[in-house]
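Listing of structure_20.cif, mmCIF, C-alpha atoms
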data_protein
loop_
_atom_site.label_atom_id
_atom_site.label_comp_id
_atom_site.auth_asym_id
_atom_site.auth_seq_id
_atom_site.Cartn_x
_atom_site.Cartn_y
_atom_site.Cartn_z
CA MET A 243 100.07 85.92 109.14
CA ILE A 244 101.81 86.90 112.38
CA ARG A 245 105.27 85.33 112.48
CA LEU A 246 106.72 83.38 115.39
CA ILE A 247 110.36 84.17 116.01
CA ALA A 248 112.86 82.36 118.21
CA LYS A 249 115.07 84.94 119.91
CA LEU A 250 118.44 83.61 120.95
CA ASP A 251 120.33 85.74 123.44
CA VAL A 252 123.87 84.62 122.91
CA LYS A 253 126.91 84.99 125.10
CA PRO A 254 129.30 82.96 122.96
CA PRO A 255 129.63 80.05 122.95
CA TYR A 256 126.23 79.65 124.64
CA VAL A 257 122.67 80.78 124.28
CA VAL A 258 121.74 82.15 127.66
CA LYS A 259 118.55 82.94 129.40
CA PRO A 260 118.74 86.40 130.84
CA ILE A 261 116.40 86.81 133.75
CA HIS A 262 115.33 90.39 133.86
CA PHE A 263 118.29 90.99 131.54
CA GLU A 264 120.62 90.19 134.44
CA GLY A 265 121.81 86.87 135.82
CA LEU A 266 122.51 84.52 132.93
CA LYS A 267 121.85 80.84 132.64
CA LYS A 268 123.23 78.68 129.84
CA VAL A 269 120.54 76.93 127.85
CA GLY A 270 122.40 75.44 124.87
CA LYS A 271 124.54 76.10 121.83
CA PRO A 272 123.30 78.58 119.22
CA ASP A 273 123.76 76.25 116.24
CA GLU A 274 121.95 73.37 117.93
CA LEU A 275 119.07 75.51 119.13
CA SER A 276 118.71 77.25 115.73
CA GLN A 277 118.45 73.85 114.11
CA LYS A 278 116.01 72.56 116.71
CA TYR A 279 113.66 75.54 116.45
CA PHE A 280 113.82 75.50 112.66
CA MET A 281 112.75 71.85 112.70
CA SER A 282 109.96 72.56 115.15
CA GLY A 283 108.35 75.05 112.76
CA ILE A 284 109.49 78.49 113.93
CA ASP A 285 109.21 81.14 111.17
CA GLU A 286 112.39 83.05 111.83
CA ILE A 287 115.38 83.27 114.13
CA MET A 288 116.91 86.33 115.77
CA TYR A 289 120.38 85.85 117.15
CA ILE A 290 121.61 88.60 119.46
CA ASP A 291 125.12 88.62 120.86
CA ILE A 292 124.18 90.33 124.10
CA VAL A 293 127.71 91.10 125.25
CA ALA A 294 129.47 92.27 122.06
CA SER A 295 128.72 95.95 122.67
CA LEU A 296 129.29 95.69 126.39
CA TYR A 297 132.73 94.17 125.92
CA ASP A 298 133.32 96.47 122.95
CA ARG A 299 134.38 93.63 120.72
CA GLU A 300 133.31 92.59 117.26
CA ILE A 301 130.53 90.08 116.92
CA LEU A 302 131.95 86.57 116.55
CA THR A 303 131.09 85.43 113.05
CA SER A 304 131.95 81.74 113.37
CA PHE A 305 129.00 81.19 115.71
CA ILE A 306 126.74 83.00 113.29
CA LYS A 307 127.91 80.94 110.35
CA HIS A 308 127.39 77.66 112.20
CA SER A 309 123.96 78.71 113.36
CA ALA A 310 122.95 79.73 109.83
CA GLN A 311 124.31 76.59 108.21
CA ASN A 312 121.34 74.27 108.37
CA ILE A 313 118.36 76.53 108.65
CA PHE A 314 116.22 77.65 105.72
CA ILE A 315 114.27 80.47 107.29
CA PRO A 316 115.18 84.13 107.88
CA PHE A 317 118.00 84.77 110.26
CA GLY A 318 118.52 88.16 111.92
CA VAL A 319 121.73 88.92 113.77
CA GLY A 320 122.64 91.68 116.20
CA GLY A 321 125.32 92.69 118.66
CA GLY A 322 128.10 95.24 118.37
CA ILE A 323 127.35 96.43 114.81
CA LYS A 324 128.93 99.82 114.22
CA SER A 325 129.46 100.15 110.47
CA ILE A 326 128.55 99.00 106.98
CA GLU A 327 131.63 96.75 107.06
CA ASP A 328 130.42 95.06 110.27
CA ALA A 329 127.02 94.49 108.68
CA LYS A 330 128.55 93.18 105.45
CA LYS A 331 130.54 90.63 107.44
CA ILE A 332 127.39 89.45 109.16
CA PHE A 333 125.45 89.14 105.89
CA ASP A 334 128.36 87.19 104.39
CA ASN A 335 128.06 84.71 107.24
CA GLY A 336 124.42 83.97 106.63
CA ALA A 337 122.33 86.77 108.15
CA ASP A 338 119.37 88.21 106.26
CA LYS A 339 118.84 91.10 108.62
CA VAL A 340 121.00 93.05 111.01
CA ILE A 341 119.67 94.04 114.41
CA LEU A 342 120.88 97.35 115.85
CA ASN A 343 120.74 98.82 119.30
CA THR A 344 123.67 100.20 121.29
CA HIS A 345 125.62 102.01 118.58
CA ALA A 346 122.54 103.55 116.97
CA LEU A 347 120.98 104.53 120.29
CA GLN A 348 123.99 105.73 122.27
CA HIS A 349 126.49 106.92 119.66
CA ASP A 350 125.41 107.42 116.08
CA PRO A 351 121.83 106.99 114.86
CA SER A 352 122.87 107.70 111.25
CA ILE A 353 124.07 104.10 111.03
CA ILE A 354 120.38 103.26 110.52
CA ASN A 355 120.23 105.48 107.41
CA ASN A 356 123.51 104.13 106.07
CA LEU A 357 122.56 100.48 106.46
CA SER A 358 119.07 101.01 105.12
CA ASN A 359 120.34 102.83 102.02
CA THR A 360 122.95 100.16 101.37
CA PHE A 361 121.15 96.92 102.15
CA GLY A 362 117.52 97.99 101.88
CA SER A 363 115.22 98.78 104.79
CA GLN A 364 113.93 95.19 104.92
CA ALA A 365 117.35 94.13 106.19
CA VAL A 366 117.54 96.61 109.08
CA VAL A 367 115.91 95.86 112.42
CA VAL A 368 116.17 98.19 115.40
CA ASN A 369 116.03 96.49 118.77
CA ILE A 370 114.52 98.61 121.52
CA GLU A 371 114.99 97.65 125.14
CA ALA A 372 112.33 99.61 126.98
CA LYS A 373 112.14 100.17 130.69
CA ARG A 374 109.16 101.64 132.47
CA LEU A 375 110.06 104.69 134.47
CA GLU A 376 107.62 107.00 136.19
CA GLY A 377 104.95 107.71 133.65
CA HIS A 378 106.93 106.84 130.54
CA TYR A 379 109.23 104.35 128.85
CA GLU A 380 112.90 104.93 128.22
CA CYS A 381 115.29 103.15 125.83
CA TYR A 382 118.16 101.19 127.33
CA SER A 383 121.07 99.31 125.83
CA ASP A 384 123.35 96.40 126.69
CA GLY A 385 120.70 94.17 128.15
CA GLY A 386 119.01 96.91 130.11
CA ARG A 387 122.20 98.14 131.74
CA ASN A 388 122.71 101.55 130.23
CA ARG A 389 120.14 104.28 129.93
CA SER A 390 119.90 106.62 126.97
CA TYR A 391 117.57 109.31 128.27
CA LYS A 392 115.60 108.84 125.05
CA SER A 393 111.91 108.11 125.29
CA VAL A 394 110.63 105.05 123.49
CA ALA A 395 107.96 107.08 121.67
CA ASN A 396 110.50 109.51 120.21
CA TRP A 397 113.06 106.85 119.34
CA VAL A 398 110.47 104.69 117.57
CA GLU A 399 109.53 107.62 115.34
CA GLU A 400 113.17 108.51 114.74
CA VAL A 401 114.29 105.02 113.72
CA TYR A 402 111.34 104.74 111.35
CA GLN A 403 112.22 108.12 109.78
CA ARG A 404 115.82 107.01 109.40
CA GLY A 405 114.83 103.96 107.39
CA ALA A 406 114.54 101.03 109.79
CA GLY A 407 112.49 98.25 108.21
CA GLU A 408 111.40 96.62 111.43
CA ILE A 409 111.37 97.19 115.18
CA LEU A 410 111.96 94.57 117.85
CA ILE A 411 110.39 95.83 121.06
CA GLN A 412 111.62 94.25 124.27
CA SER A 413 110.71 95.06 127.83
CA VAL A 414 113.47 95.08 130.42
CA ASP A 415 110.82 94.70 133.12
CA LYS A 416 109.09 91.72 131.56
CA ASP A 417 111.92 89.81 129.91
CA GLY A 418 112.41 86.22 131.00
CA LYS A 419 109.46 86.24 133.39
CA ARG A 420 106.95 84.43 131.20
CA ASN A 421 104.07 86.30 132.81
CA GLY A 422 102.69 88.22 129.83
CA PHE A 423 103.69 91.09 127.55
CA ASP A 424 103.81 94.73 128.52
CA ILE A 425 100.64 95.40 126.53
CA ASP A 426 100.69 99.14 127.10
CA LEU A 427 104.25 99.44 125.80
CA VAL A 428 104.01 97.15 122.80
CA SER A 429 100.59 98.22 121.53
CA ASN A 430 101.75 101.83 121.46
CA VAL A 431 104.80 100.89 119.42
CA VAL A 432 102.82 98.65 117.04
CA ASN A 433 100.36 101.45 116.36
CA ALA A 434 102.92 104.25 116.15
CA VAL A 435 104.72 103.29 112.94
CA PRO A 436 103.86 101.82 109.52
CA ILE A 437 106.74 99.31 109.62
CA PRO A 438 106.53 95.79 111.07
CA VAL A 439 106.92 95.45 114.84
CA VAL A 440 108.14 92.29 116.55
CA VAL A 441 106.85 91.99 120.09
CA ALA A 442 109.09 90.25 122.63
CA SER A 443 109.47 89.78 126.39
CA GLY A 444 106.84 88.00 128.39
CA PHE A 445 105.45 85.07 126.43
CA GLY A 446 104.53 82.32 128.87
CA ASP A 447 101.45 80.66 127.47
CA ILE A 448 98.73 81.00 124.92
CA GLN A 449 96.66 83.29 127.16
CA HIS A 450 99.34 85.92 126.77
CA VAL A 451 98.99 85.76 122.99
CA LYS A 452 95.23 86.22 123.38
CA GLN A 453 95.73 89.27 125.55
CA LEU A 454 98.26 90.70 123.14
CA LEU A 455 96.13 90.18 120.04
CA ALA A 456 93.11 91.67 121.75
CA ALA A 457 95.09 94.89 122.17
CA CYS A 458 97.03 95.15 118.90
CA THR A 459 98.21 93.30 115.79
CA PRO A 460 101.98 92.93 115.82
CA SER A 461 103.79 91.56 112.77
CA ALA A 462 105.59 88.94 114.81
CA ILE A 463 105.94 87.54 118.30
CA ALA A 464 109.39 86.66 119.60
CA ILE A 465 109.76 83.88 122.13
CA SER A 466 112.89 82.91 123.99
CA THR A 467 112.68 81.70 127.58
CA ALA A 468 109.47 79.73 127.10
CA LEU A 469 110.92 78.12 124.00
CA HIS A 470 114.07 77.05 125.82
CA TYR A 471 112.35 75.64 128.86
CA ASP A 472 108.83 74.59 128.03
CA ASN A 473 107.75 71.99 125.59
CA LEU A 474 105.89 74.48 123.46
CA ASN A 475 103.64 73.34 120.67
CA LEU A 476 104.09 76.01 118.05
CA ASN A 477 101.05 74.77 116.13
CA ASP A 478 98.79 75.64 119.06
CA ILE A 479 100.13 79.18 119.03
CA LYS A 480 99.74 79.39 115.26
CA LYS A 481 96.12 78.25 115.55
CA GLU A 482 95.45 80.94 118.11
CA ILE A 483 96.98 83.53 115.79
CA GLN A 484 94.92 82.27 112.86
CA SER A 485 91.71 82.52 114.83
CA HIS A 486 92.34 86.25 115.08
CA GLY A 487 92.35 86.47 111.29
CA MET B 123 125.77 62.97 85.35
CA ALA B 124 128.31 65.45 86.55
CA LYS B 125 127.16 67.96 89.09
CA GLN B 126 125.97 71.21 87.60
CA THR B 127 127.53 74.50 88.46
CA ILE B 128 125.02 77.19 89.31
CA GLY B 129 126.57 80.62 88.95
CA ILE B 130 125.44 83.05 91.63
CA ILE B 131 125.88 86.51 90.19
CA ASP B 132 127.76 88.87 92.49
CA ILE B 133 125.35 91.70 93.23
CA GLY B 134 127.77 93.88 95.17
CA LEU B 135 127.57 94.73 98.82
CA ALA B 136 124.73 92.55 99.95
CA GLY B 137 123.97 89.53 97.89
CA ASN B 138 122.80 86.91 100.29
CA ILE B 139 125.24 84.67 98.43
CA PHE B 140 125.95 82.44 101.42
CA ASN B 141 122.31 81.48 101.90
CA ILE B 142 121.72 80.67 98.26
CA HIS B 143 124.94 78.66 98.09
CA LYS B 144 123.79 76.75 101.16
CA ALA B 145 120.39 75.92 99.64
CA ILE B 146 121.83 74.88 96.25
CA SER B 147 124.46 72.65 97.89
CA ASN B 148 121.70 71.08 99.95
CA VAL B 149 119.90 69.92 96.80
CA GLY B 150 122.99 68.62 95.07
CA ALA B 151 124.65 71.14 92.77
CA ASN B 152 127.83 73.16 92.90
CA THR B 153 127.87 76.92 92.98
CA CYS B 154 130.33 79.55 91.93
CA LEU B 155 130.39 83.26 92.52
CA VAL B 156 130.06 85.01 89.18
CA ALA B 157 132.25 88.11 89.10
CA ASN B 158 133.21 88.43 85.41
CA GLU B 159 132.20 87.39 81.90
CA GLU B 160 134.22 84.19 82.02
CA ASP B 161 132.23 83.04 85.06
CA LEU B 162 128.97 83.92 83.28
CA ASN B 163 130.09 81.80 80.36
CA SER B 164 131.23 78.77 82.35
CA SER B 165 128.14 78.48 84.62
CA ASP B 166 125.48 75.97 83.60
CA LYS B 167 122.71 78.14 84.99
CA LEU B 168 122.54 81.53 86.65
CA ILE B 169 120.97 82.95 89.76
CA LEU B 170 120.51 86.66 90.32
CA PRO B 171 120.26 86.91 94.09
CA GLY B 172 118.70 89.77 95.86
CA VAL B 173 119.14 91.75 98.95
CA GLY B 174 120.05 95.38 98.58
CA SER B 175 118.80 98.27 96.55
CA TYR B 176 117.96 98.49 92.84
CA SER B 177 120.20 101.41 91.94
CA ILE B 178 123.24 100.07 93.83
CA ALA B 179 122.84 96.65 92.18
CA MET B 180 122.58 98.16 88.69
CA GLU B 181 125.66 100.32 89.23
CA HIS B 182 127.50 97.21 90.32
CA PHE B 183 126.42 95.23 87.21
CA GLU B 184 127.40 98.10 84.94
CA LYS B 185 130.88 98.22 86.46
CA THR B 186 131.41 94.46 86.72
CA PHE B 187 129.97 93.07 83.48
CA GLY B 188 128.40 95.84 81.47
CA ILE B 189 124.63 95.51 81.09
CA PRO B 190 124.57 94.20 77.46
CA VAL B 191 126.97 91.37 78.37
CA LEU B 192 124.99 90.40 81.46
CA LYS B 193 121.75 90.51 79.49
CA LYS B 194 123.18 88.31 76.75
CA TYR B 195 124.04 85.49 79.17
CA ILE B 196 120.80 85.78 81.13
CA THR B 197 118.83 85.50 77.90
CA ASN B 198 120.77 82.44 76.77
CA LYS B 199 120.82 80.36 79.95
CA TYR B 200 118.29 79.22 82.49
CA THR B 201 118.26 82.07 84.96
CA LEU B 202 116.44 82.54 88.26
CA GLY B 203 116.07 86.03 89.72
CA ILE B 204 115.30 86.19 93.43
CA CYS B 205 113.61 89.22 95.01
CA LEU B 206 115.74 92.20 93.92
CA GLY B 207 117.29 89.79 91.39
CA MET B 208 113.88 89.49 89.72
CA GLN B 209 113.15 93.20 90.04
CA VAL B 210 116.30 94.30 88.19
CA LEU B 211 115.16 92.33 85.12
CA SER B 212 112.64 95.16 84.57
CA SER B 213 113.14 98.40 82.62
CA LYS B 214 113.15 100.82 85.55
CA GLY B 215 113.31 100.94 89.32
CA TYR B 216 112.60 103.72 91.78
CA GLU B 217 114.40 102.63 94.94
CA GLU B 218 116.44 105.57 96.29
CA LYS B 219 116.39 107.11 92.82
CA GLU B 220 115.14 106.35 89.33
CA SER B 221 117.47 103.91 87.60
CA ASN B 222 117.46 101.77 84.49
CA GLY B 223 117.26 98.00 84.85
CA ILE B 224 118.45 95.10 82.72
CA ASP B 225 115.32 95.65 80.63
CA LEU B 226 114.50 92.05 79.86
CA ILE B 227 110.95 92.67 81.03
CA LYS B 228 109.00 95.74 80.01
CA GLY B 229 107.92 96.95 83.38
CA GLN B 230 108.72 98.95 86.46
CA VAL B 231 109.46 98.28 90.09
CA LEU B 232 107.38 100.48 92.37
CA LYS B 233 107.05 100.97 96.11
CA MET B 234 104.09 98.99 97.40
CA GLU B 235 101.23 101.23 98.54
CA ARG B 236 99.17 99.37 101.08
CA ASN B 237 97.05 100.05 104.10
CA GLU B 238 99.31 97.54 105.85
CA LYS B 239 102.82 97.41 107.28
CA ILE B 240 105.64 97.89 104.74
CA PRO B 241 108.07 96.10 104.25
CA HIS B 242 105.91 93.05 103.66
CA MET B 243 107.64 90.38 105.73
CA GLY B 244 106.69 86.81 106.40
CA PHE B 245 105.28 83.66 104.85
CA SER B 246 102.50 84.36 102.34
CA GLN B 247 100.65 82.20 99.89
CA LEU B 248 100.99 82.12 96.10
CA LYS B 249 97.97 82.06 93.82
CA PHE B 250 98.87 80.57 90.47
CA THR B 251 97.79 82.16 87.23
CA LYS B 252 99.78 79.83 84.96
CA ASP B 253 101.70 76.60 85.16
CA ASN B 254 105.25 77.09 86.24
CA ILE B 255 107.63 74.17 86.18
CA LEU B 256 109.55 75.54 89.19
CA PHE B 257 106.63 74.65 91.46
CA LYS B 258 106.25 71.06 90.31
CA GLY B 259 105.69 68.69 93.22
CA ILE B 260 105.44 71.46 95.81
CA LYS B 261 102.53 71.08 98.18
CA ASP B 262 102.89 74.05 100.49
CA TYR B 263 102.61 77.31 98.57
CA ASN B 264 103.68 79.54 101.45
CA PHE B 265 106.94 81.30 100.80
CA TYR B 266 108.94 83.89 102.70
CA PHE B 267 108.71 87.49 101.51
CA MET B 268 110.81 90.42 102.61
CA HIS B 269 110.28 93.47 100.37
CA SER B 270 108.90 96.99 100.02
CA TYR B 271 108.87 97.13 96.22
CA ALA B 272 107.09 95.03 93.62
CA LEU B 273 107.22 94.46 89.88
CA VAL B 274 104.50 95.90 87.66
CA THR B 275 104.38 94.71 84.07
CA GLU B 276 101.95 94.50 81.16
CA GLU B 277 103.77 91.49 79.73
CA ASP B 278 101.99 88.16 79.94
CA ILE B 279 104.65 86.52 82.10
CA THR B 280 103.06 86.40 85.58
CA THR B 281 102.83 82.86 86.91
CA SER B 282 101.56 83.71 90.39
CA THR B 283 100.31 86.60 92.45
CA THR B 284 100.16 87.07 96.20
CA ASN B 285 97.77 89.18 98.23
CA TYR B 286 99.04 91.73 100.68
CA GLY B 287 96.94 94.40 102.35
CA GLY B 288 93.96 93.47 100.20
CA HIS B 289 95.71 93.81 96.82
CA PRO B 290 97.67 91.33 94.73
CA PHE B 291 101.22 91.80 93.52
CA ILE B 292 103.31 89.67 91.17
CA SER B 293 105.05 86.94 93.15
CA SER B 294 106.56 84.89 90.29
CA ILE B 295 107.21 85.21 86.58
CA GLN B 296 108.55 83.22 83.69
CA LYS B 297 109.72 84.62 80.38
CA ASP B 298 111.14 81.86 78.19
CA ASN B 299 114.16 80.48 80.07
CA VAL B 300 114.19 83.28 82.66
CA PHE B 301 112.37 82.81 85.96
CA GLY B 302 111.78 85.29 88.72
CA VAL B 303 110.40 85.02 92.23
CA GLN B 304 109.64 87.91 94.57
CA PHE B 305 110.00 85.69 97.64
CA HIS B 306 113.14 84.04 99.02
CA PRO B 307 113.16 80.30 98.26
CA GLU B 308 116.40 80.00 100.26
CA LYS B 309 114.37 81.11 103.31
CA SER B 310 111.22 79.12 102.63
CA ARG B 311 111.79 75.73 104.26
CA GLN B 312 111.32 72.51 102.24
CA GLN B 313 109.19 74.13 99.57
CA GLY B 314 112.01 76.57 98.84
CA LEU B 315 114.58 73.80 98.55
CA LYS B 316 112.24 71.91 96.22
CA LEU B 317 112.05 74.98 93.99
CA PHE B 318 115.85 74.99 93.68
CA GLU B 319 115.75 71.28 92.94
CA ASN B 320 113.27 71.93 90.12
CA PHE B 321 115.47 74.71 88.78
CA ILE B 322 118.48 72.41 88.72
CA ALA B 323 116.42 69.70 86.98
CA LEU B 324 115.58 72.01 84.04
#
Just give me the structure of the file as structure tokens.
Amino acid sequence: MIRLIAKLDVKPPYVVKPIHFEGLKKVGKPDELSQKYFMSGIDEIMYIDIVASLYDREILTSFIKHSAQNIFIPFGVGGGIKSIEDAKKIFDNGADKVILNTHALQHDPSIINNLSNTFGSQAVVVNIEAKRLEGHYECYSDGGRNRSYKSVANWVEEVYQRGAGEILIQSVDKDGKRNGFDIDLVSNVVNAVPIPVVVASGFGDIQHVKQLLAACTPSAIAISTALHYDNLNLNDIKKEIQSHG
Amino acid sequence: MAKQTIGIIDIGLAGNIFNIHKAISNVGANTCLVANEEDLNSSDKLILPGVGSYSIAMEHFEKTFGIPVLKKYITNKYTLGICLGMQVLSSKGYEEKESNGIDLIKGQVLKMERNEKIPHMGFSQLKFTKDNILFKGIKDYNFYFMHSYALVTEEDITTSTTNYGGHPFISSIQKDNVFGVQFHPEKSRQQGLKLFENFIAL
């Protein structure tokens, strides 16, 4: 069954809505929104501190702990993770998975191997922020600010080989627009690796799920903007998913 | 009746202790982190939590308690193994490298071979093969799984299986007073909390 994930982009103390990964708008507090989405039937929550790496500070664990406190579904956390100690701290505050991007992509990809060997691959998610350039996709970090000069296709293969247990694929071009997924991008990633792929960026309505599922079978769909702003009925989306078998 | 103390056995680096503590507190028992033999002895019941890898967990148990001591307490109290915590009850695991388990269950833990994405992640349904008191009063049999390895055993202890990629694997077991679940009840909504409630009621 394809999971529905609430993705919280957090700039402590607020969950923000990045439009196009730039220009932020506050939409609520992470603990309150985690609780709300848990109650509404979401399968999982991904909490990403979107400025920890940019500001080169540690992820703030008190917000994580409060967000984890009253939810009984999986909780993935990312932002500024550079070491096993960082990850351990996040697990101790209620995370089930760590979500990596900047450090692994821009500085030291072996952190993926280290975390996977220590905590098991099921606890290691690699977040890919893809941007369409002429004829191909490139990986970015820090909310689409910094380029890596690594192609998405190569990076996807590399992170899988290094032991990532899951990939979160986001589109810098589509994020926050609610006008559909980048089908070309995400279906290639879903079909490239034998690990679960979470598709994000672009959910606006149920038609977009139809289009996505006609092209590929992701393991999960992450929703953020539409969840914050629209009165989404998750059961309708789940029914649509079920009808695809 | 005084509140019970459920001992959560320290499994080293990544134990998911916080989440299990949270779930147990929610259904009305105390918890303590079990880090030596005295803690094993003073806990009313035990939970072997599980996130991490088989070999690292076993090395940790060897150093912290010694395997015979740990096994003695597990055998004599109600114990619930969760995910890796169930897997290490077996004789052998093959995660990272071959390593010996607690050997309470004659069986092995093997990488799942499926024509499907691995790790298996998400809510999946249990199919019961036997009565299991842990599931009493639960109506929704969908639980959250997050694993690449599964237990294989010839012993007649399987209480449910779950299908993934067209083939079943063992999703829960019971051997006398020892219970094991491959899924994460602490991540499985109301039905998961109910399972902890049933465990406490034993």
Explicit residue set for the PyMOL selection byres ((chain A and resi 290) around 10), as a list in words: Lys249, Leu250, Asp251, Val252, Lys253, Val257, Ile287, Met288, Tyr289, Asp291, Ile292, Val293, Ala294, Ile301, Ile306, Gly318, Val319, Gly320, Gly321, Gly322, Val340, Ile341, Leu342 and Asn369 of chain A
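Environment of (110.9, 87.9, 82.8): residues at most 8 Å away, judged by only C-alpha atoms, are Met208, Leu211, Ser212, Leu226, Ile227, Ile279, Ile295, Gln296, Lys297, Asp298, Val300, Phe301 and Gly302 of chain B.
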Distance-based interface of chain B with chain A, 7 Å, counting all atoms listed in the file, as a ChimeraX atom specification: /B:135-136,138,140-141,173-175,239-241,244,268-269,308-311
What does the file look like for those residues with C-alpha atoms, as an mmCIF file, keeping the file's coordinate frame?
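The resulting file, part-v4.cif, is reproduced below:
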data_model
loop_
_atom_site.group_PDB
_atom_site.id
_atom_site.type_symbol
_atom_site.label_atom_id
_atom_site.label_comp_id
_atom_site.auth_asym_id
_atom_site.auth_seq_id
_atom_site.Cartn_x
_atom_site.Cartn_y
_atom_site.Cartn_z
ATOM 1 C CA LEU B 135 127.570 94.730 98.820
ATOM 2 C CA ALA B 136 124.730 92.550 99.950
ATOM 3 C CA ASN B 138 122.800 86.910 100.290
ATOM 4 C CA PHE B 140 125.950 82.440 101.420
ATOM 5 C CA ASN B 141 122.310 81.480 101.900
ATOM 6 C CA VAL B 173 119.140 91.750 98.950
ATOM 7 C CA GLY B 174 120.050 95.380 98.580
ATOM 8 C CA SER B 175 118.800 98.270 96.550
ATOM 9 C CA LYS B 239 102.820 97.410 107.280
ATOM 10 C CA ILE B 240 105.640 97.890 104.740
ATOM 11 C CA PRO B 241 108.070 96.100 104.250
ATOM 12 C CA GLY B 244 106.690 86.810 106.400
ATOM 13 C CA MET B 268 110.810 90.420 102.610
ATOM 14 C CA HIS B 269 110.280 93.470 100.370
ATOM 15 C CA GLU B 308 116.400 80.000 100.260
ATOM 16 C CA LYS B 309 114.370 81.110 103.310
ATOM 17 C CA SER B 310 111.220 79.120 102.630
ATOM 18 C CA ARG B 311 111.790 75.730 104.260
#
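Between CA of Lys144 (chain B) and CA of Glu319 (chain B) lies a distance of 12.7 Å.
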Residues matched by the PyMOL selection byres ((chain B and resi 257) around 8), written as number ranges by chain: B: 254-256, 258-260, 316-317, 320
Residue contacts of Gln348 (chain A) (9 Å, all atoms listed in the file) excluding same-chain residues fewer than 4 positions away, as a compact mmCIF listing (two decimals) with C-alpha atoms, in the coordinates of the input:
# COMPACT_ATOMS: atom_id res chain seq x y z
CA ASN A 343 120.74 98.82 119.30
CA THR A 344 123.67 100.20 121.29
CA TYR A 382 118.16 101.19 127.33
CA SER A 383 121.07 99.31 125.83
CA ARG A 389 120.14 104.28 129.93
CA SER A 390 119.90 106.62 126.97
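The closest residue to Arg374 (chain A), picked from A:Ser393, A:Ser295, A:Gln484, A:Asn421 and counting all atoms listed in the file, is A:Ser393.
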Ground truth for the PyMOL selection byres ((chain B and resi 249) around 10), written as a list of chain:residue names: B:Ser246, B:Gln247, B:Leu248, B:Phe250, B:Thr251, B:Lys252, B:Tyr263, B:Asn264, B:Thr281, B:Ser282, B:Thr283, B:Thr284, B:Asn285, B:Pro290, B:Ile292, B:Ser293, B:Ser294
Just write the chosen residues, C-alpha atoms, as a tab-separated table (two decimals), in the frame of the given file.
chain	number	residue	atom	x	y	z
B	246	SER	CA	102.50	84.36	102.34
B	247	GLN	CA	100.65	82.20	99.89
B	248	LEU	CA	100.99	82.12	96.10
B	250	PHE	CA	98.87	80.57	90.47
B	251	THR	CA	97.79	82.16	87.23
B	252	LYS	CA	99.78	79.83	84.96
B	263	TYR	CA	102.61	77.31	98.57
B	264	ASN	CA	103.68	79.54	101.45
B	281	THR	CA	102.83	82.86	86.91
B	282	SER	CA	101.56	83.71	90.39
B	283	THR	CA	100.31	86.60	92.45
B	284	THR	CA	100.16	87.07	96.20
B	285	ASN	CA	97.77	89.18	98.23
B	290	PRO	CA	97.67	91.33	94.73
B	292	ILE	CA	103.31	89.67	91.17
B	293	SER	CA	105.05	86.94	93.15
B	294	SER	CA	106.56	84.89	90.29
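What separates CA of Gly223 (chain B) from CA of Ala179 (chain B) is a distance of 9.3 Å.
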Nearby residues (only C-alpha atoms) at most 8 Å from Phe183 (chain B), same-chain spacing under 5 positions excluded, as a list in words: Ile133, Gly188, Ile189 and Leu192 of chain B
Sel. within 9 Å of pt (116.3, 76.6, 80.2), counting all atoms listed in the file, output as a PyMOL selection string: chain B and resi 167+198-201+298-300+321+324
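The gap separating CA of Ser413 (chain A) from CA of Asn473 (chain A) is 23.4 Å, in Å to one decimal.
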Nearest to Leu232 (chain B) by atom-to-atom distance, counting all atoms listed in the file, from B:Val274, B:Phe265, B:Gly287, B:Phe245: B:Val274
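For the choices B:Ala323, B:Leu315, B:Glu238, B:Lys219, the atom-to-atom distance to Ser147 (chain B) is smallest for B:Leu315 when using only C-alpha atoms.
In terms of minimum interatomic distance to Ile178 (chain B), B:Asn222 ranks closest within B:Thr275, B:Asn237, B:Gln230, B:Asn222, counting all atoms listed in the file.
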Residues within 12 Å of Asp350 (chain A), please, as a compact mmCIF listing (two decimals) with C-alpha atoms, keeping the file's coordinate frame. Count only C-alpha atoms; anything in the same chain fewer than 3 positions from it doesn't count.
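What ended up in out-v3.txt:
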# COMPACT_ATOMS: atom_id res chain seq x y z
CA ILE A 323 127.35 96.43 114.81
CA LYS A 324 128.93 99.82 114.22
CA SER A 325 129.46 100.15 110.47
CA LEU A 342 120.88 97.35 115.85
CA ASN A 343 120.74 98.82 119.30
CA THR A 344 123.67 100.20 121.29
CA HIS A 345 125.62 102.01 118.58
CA ALA A 346 122.54 103.55 116.97
CA LEU A 347 120.98 104.53 120.29
CA ILE A 353 124.07 104.10 111.03
CA ILE A 354 120.38 103.26 110.52
CA ASN A 355 120.23 105.48 107.41
CA ASN A 356 123.51 104.13 106.07
CA VAL A 401 114.29 105.02 113.72
CA ARG A 404 115.82 107.01 109.40
Close residues, region 157-164 of chain B itself excluded, 12 Å, all atoms listed in the file, min 5 positions apart in chain, as an NGL selection string: :B and (126-134 or 169-170 or 182-201)
